[in-house]
Amino acid sequence: MSKRKYYEAYQKRYKKIHKKFGKSWAGDLPTYELKKWFEKYQIKKGSPTLELGCGEGQNAIYLASLGYDIYASDVSSEAIKWAKEQAYKQNDCNVNFFVLDVLNNNYNEKHSAIYSISVLHMLVVDEDRKKFLDFIYDHLTDDGIAIISIMGDGKIEQNKSVLKDAFKLAERPFEDKTVKVATTSCRIVNWDKFENELENSNLKIKEKFVSNKVSGFENSMVVVVSK
């Protein structure tokens, strides 16, 4: 068996919460603001749109309910299993959910639209972050756009992740209680660092802003990028 990578720790966390509580770790609310962003940048409902790091599927299911054609991926097979079950409960919701490790690029399709909500900040190693952004560049069509959000206010930088502690149990709040779940990683960067990373992956910023409307986070840095 290959060694587990630190960014796969959510698999263990999802499994525990799903089995013990029968609920999603991240709750049921999607980022409703995606509708406005999709409309502003004229993302077509008939064109397959790729989500990277869909987690338990809240955003993919929401967008599919609006008529968008969503291909939603995540490194966690448990998250994908859960997302498929939730989509099945909604008879009119058709999402193509599948397991994908973006850092081991084994995906061949290109898309005119890609989005990733609250994922990149879970990657703490520079090389891994570049692979993630390179994947977006490589899988965008020449006229395509990508929407990327990461935790942060654009000013503060923070990286308290200790990679050897990934998967270790730690107490975390869940609803109105505290539970012991797998430790996961997080790295917050400022605008200068983030813009540098995008430039190094040849992604051009069309718009950037800080939003307080990304589900689950007080502040998120959001960029819309193209080739």
# chains A, B, ... in the order shown; residues from 1 in each chain; ligands from 1
$ select_by_dssp --residues "segment 71-129 of chain A" --states "strand (DSSP E)" --output "PyMOL selection string"
chain A and resi 71-74+96-99+111-117
$ write_last_selection --atoms "N, CA and C atoms" --output "mmCIF file, in the first residue's frame"
data_model
loop_
_atom_site.group_PDB
_atom_site.id
_atom_site.type_symbol
_atom_site.label_atom_id
_atom_site.label_comp_id
_atom_site.auth_asym_id
_atom_site.auth_seq_id
_atom_site.Cartn_x
_atom_site.Cartn_y
_atom_site.Cartn_z
ATOM 1 N N TYR A 71 -19.194 18.224 -13.486
ATOM 2 C CA TYR A 71 -18.310 17.079 -13.279
ATOM 3 C C TYR A 71 -17.541 17.377 -11.995
ATOM 4 N N ALA A 72 -17.891 16.680 -10.912
ATOM 5 C CA ALA A 72 -17.378 17.030 -9.593
ATOM 6 C C ALA A 72 -16.411 15.965 -9.092
ATOM 7 N N SER A 73 -15.212 16.390 -8.721
ATOM 8 C CA SER A 73 -14.160 15.455 -8.332
ATOM 9 C C SER A 73 -13.632 15.756 -6.941
ATOM 10 N N ASP A 74 -13.100 14.719 -6.307
ATOM 11 C CA ASP A 74 -12.447 14.882 -5.010
ATOM 12 C C ASP A 74 -11.484 13.725 -4.810
ATOM 13 N N ASN A 96 -22.015 14.256 -12.338
ATOM 14 C CA ASN A 96 -21.022 13.222 -12.582
ATOM 15 C C ASN A 96 -19.946 13.341 -11.503
ATOM 16 N N PHE A 97 -20.090 12.567 -10.413
ATOM 17 C CA PHE A 97 -19.109 12.575 -9.333
ATOM 18 C C PHE A 97 -18.040 11.513 -9.584
ATOM 19 N N PHE A 98 -16.772 11.848 -9.339
ATOM 20 C CA PHE A 98 -15.707 10.863 -9.507
ATOM 21 C C PHE A 98 -14.491 11.211 -8.657
ATOM 22 N N VAL A 99 -13.719 10.177 -8.327
ATOM 23 C CA VAL A 99 -12.509 10.349 -7.511
ATOM 24 C C VAL A 99 -11.360 10.813 -8.408
ATOM 25 N N HIS A 111 -11.838 21.764 -20.078
ATOM 26 C CA HIS A 111 -13.135 22.380 -19.798
ATOM 27 C C HIS A 111 -13.068 23.885 -20.035
ATOM 28 N N SER A 112 -14.188 24.436 -20.438
ATOM 29 C CA SER A 112 -14.255 25.892 -20.619
ATOM 30 C C SER A 112 -14.486 26.591 -19.288
ATOM 31 N N ALA A 113 -14.853 25.815 -18.266
ATOM 32 C CA ALA A 113 -15.020 26.387 -16.922
ATOM 33 C C ALA A 113 -14.602 25.361 -15.871
ATOM 34 N N ILE A 114 -13.822 25.835 -14.904
ATOM 35 C CA ILE A 114 -13.388 25.027 -13.764
ATOM 36 C C ILE A 114 -13.595 25.876 -12.516
ATOM 37 N N TYR A 115 -14.026 25.261 -11.438
ATOM 38 C CA TYR A 115 -14.101 26.000 -10.179
ATOM 39 C C TYR A 115 -13.604 25.137 -9.028
ATOM 40 N N SER A 116 -13.087 25.821 -8.006
ATOM 41 C CA SER A 116 -12.566 25.136 -6.828
ATOM 42 C C SER A 116 -12.809 26.031 -5.616
ATOM 43 N N ILE A 117 -13.652 25.548 -4.719
ATOM 44 C CA ILE A 117 -14.054 26.357 -3.568
ATOM 45 C C ILE A 117 -13.435 25.788 -2.291
#
$ residues_around --residues "Tyr7 of chain A" --least-positions-apart "4" --cutoff "7 Å" --atoms "only C-alpha atoms" --output "list in words"
Met122, Leu123 and Ser185 of chain A
$ residues_around --residues "Glu39 of chain A" --least-positions-apart "4" --cutoff "12 Å" --atoms "only C-alpha atoms" --output "list of chain:residue names"
A:Glu33, A:Leu34, A:Lys35, A:Ile43, A:Lys44, A:Lys45, A:Leu63, A:Leu66, A:Tyr68
$ write_last_selection --atoms "C-alpha atoms" --output "tab-separated table (two decimals), in the first residue's frame"
chain	number	residue	atom	x	y	z
A	33	GLU	CA	-22.75	33.10	-4.50
A	34	LEU	CA	-21.59	30.67	-7.21
A	35	LYS	CA	-24.81	31.33	-9.10
A	43	ILE	CA	-20.65	29.92	-17.78
A	44	LYS	CA	-22.96	27.96	-20.03
A	45	LYS	CA	-25.39	25.44	-18.56
A	63	LEU	CA	-25.38	24.09	-9.38
A	66	LEU	CA	-29.91	25.20	-11.49
A	68	TYR	CA	-25.52	23.32	-14.93
$ closest_residue --among "A:Ile61, A:Ser201, A:Ser118, A:Leu133" --to "Lys89 of chain A" --atoms "only C-alpha atoms"
A:Ile61
$ closest_residue --among "A:Leu169, A:Met221, A:Ile80, A:Val214" --to "Phe194 of chain A" --atoms "only C-alpha atoms"
A:Met221
$ residues_around --residues "Lys81 of chain A" --least-positions-apart "2" --cutoff "12 Å" --atoms "only C-alpha atoms" --output "list in words"
Gln11, Tyr14, Lys15, His18, Ser24, Cys54, Gly55, Glu56, Gly57, Ala72, Ser73, Asp74, Val75, Ser76, Ser77, Glu78, Ala79, Ala83, Lys84, Glu85, Gln86, Ala87, Tyr88, Asn96, Phe97, Phe98 and Val99 of chain A
$ select_by_dssp --residues "segment 66-136 of chain A" --states "alpha helix (DSSP H)" --output "short mmCIF file (atom, residue, chain, number, x, y, z; two decimals) with N, CA and C atoms, in the first residue's frame"
data_model
loop_
_atom_site.label_atom_id
_atom_site.label_comp_id
_atom_site.auth_asym_id
_atom_site.auth_seq_id
_atom_site.Cartn_x
_atom_site.Cartn_y
_atom_site.Cartn_z
N SER A 77 -12.59 9.14 -1.66
CA SER A 77 -13.64 8.23 -2.15
C SER A 77 -14.85 8.25 -1.22
N GLU A 78 -14.63 8.48 0.07
CA GLU A 78 -15.75 8.57 1.02
C GLU A 78 -16.61 9.78 0.72
N ALA A 79 -15.98 10.91 0.42
CA ALA A 79 -16.73 12.12 0.09
C ALA A 79 -17.55 11.91 -1.18
N ILE A 80 -16.96 11.27 -2.18
CA ILE A 80 -17.66 11.02 -3.43
C ILE A 80 -18.83 10.07 -3.21
N LYS A 81 -18.63 9.06 -2.42
CA LYS A 81 -19.72 8.11 -2.10
C LYS A 81 -20.89 8.86 -1.45
N TRP A 82 -20.58 9.69 -0.46
CA TRP A 82 -21.61 10.47 0.23
C TRP A 82 -22.32 11.41 -0.74
N ALA A 83 -21.55 12.10 -1.58
CA ALA A 83 -22.13 13.05 -2.53
C ALA A 83 -23.08 12.36 -3.50
N LYS A 84 -22.70 11.20 -3.98
CA LYS A 84 -23.58 10.45 -4.88
C LYS A 84 -24.89 10.08 -4.20
N GLU A 85 -24.80 9.71 -2.94
CA GLU A 85 -26.01 9.35 -2.19
C GLU A 85 -26.93 10.56 -2.02
N GLN A 86 -26.36 11.72 -1.74
CA GLN A 86 -27.17 12.92 -1.57
C GLN A 86 -27.81 13.33 -2.90
N ALA A 87 -27.05 13.21 -3.98
CA ALA A 87 -27.60 13.57 -5.29
C ALA A 87 -28.73 12.62 -5.69
N TYR A 88 -28.58 11.34 -5.34
CA TYR A 88 -29.59 10.34 -5.67
C TYR A 88 -30.92 10.65 -4.99
N LYS A 89 -30.85 11.25 -3.80
CA LYS A 89 -32.07 11.58 -3.07
C LYS A 89 -32.86 12.69 -3.76
N ASP A 126 4.67 24.02 -1.22
CA ASP A 126 4.71 24.83 -2.45
C ASP A 126 4.56 23.98 -3.70
N GLU A 127 5.26 22.86 -3.75
CA GLU A 127 5.22 21.99 -4.93
C GLU A 127 3.80 21.49 -5.18
N ASP A 128 3.08 21.14 -4.12
CA ASP A 128 1.72 20.64 -4.27
C ASP A 128 0.78 21.75 -4.73
N ARG A 129 0.96 22.92 -4.21
CA ARG A 129 0.11 24.05 -4.61
C ARG A 129 0.33 24.39 -6.09
N LYS A 130 1.58 24.31 -6.53
CA LYS A 130 1.86 24.59 -7.95
C LYS A 130 1.24 23.51 -8.84
N LYS A 131 1.32 22.26 -8.43
CA LYS A 131 0.71 21.18 -9.21
C LYS A 131 -0.79 21.40 -9.36
N PHE A 132 -1.43 21.87 -8.28
CA PHE A 132 -2.86 22.12 -8.32
C PHE A 132 -3.19 23.21 -9.34
N LEU A 133 -2.45 24.32 -9.29
CA LEU A 133 -2.70 25.42 -10.22
C LEU A 133 -2.30 25.05 -11.65
N ASP A 134 -1.23 24.27 -11.79
CA ASP A 134 -0.84 23.79 -13.12
C ASP A 134 -1.94 22.92 -13.72
N PHE A 135 -2.57 22.12 -12.88
CA PHE A 135 -3.68 21.28 -13.36
C PHE A 135 -4.79 22.15 -13.95
N ILE A 136 -5.11 23.22 -13.25
CA ILE A 136 -6.16 24.11 -13.77
C ILE A 136 -5.75 24.69 -15.11
#
$ residues_around --residues "Ser220 of chain A" --least-positions-apart "3" --cutoff "7 Å" --atoms "only C-alpha atoms" --output "JSON, numbers by chain"
{"A": [149, 150, 151, 152, 153, 210, 211, 212, 214, 217]}
$ closest_residue --among "A:Ile205, A:Val124, A:Cys93, A:Ile17" --to "Val189 of chain A" --atoms "only C-alpha atoms"
A:Val124
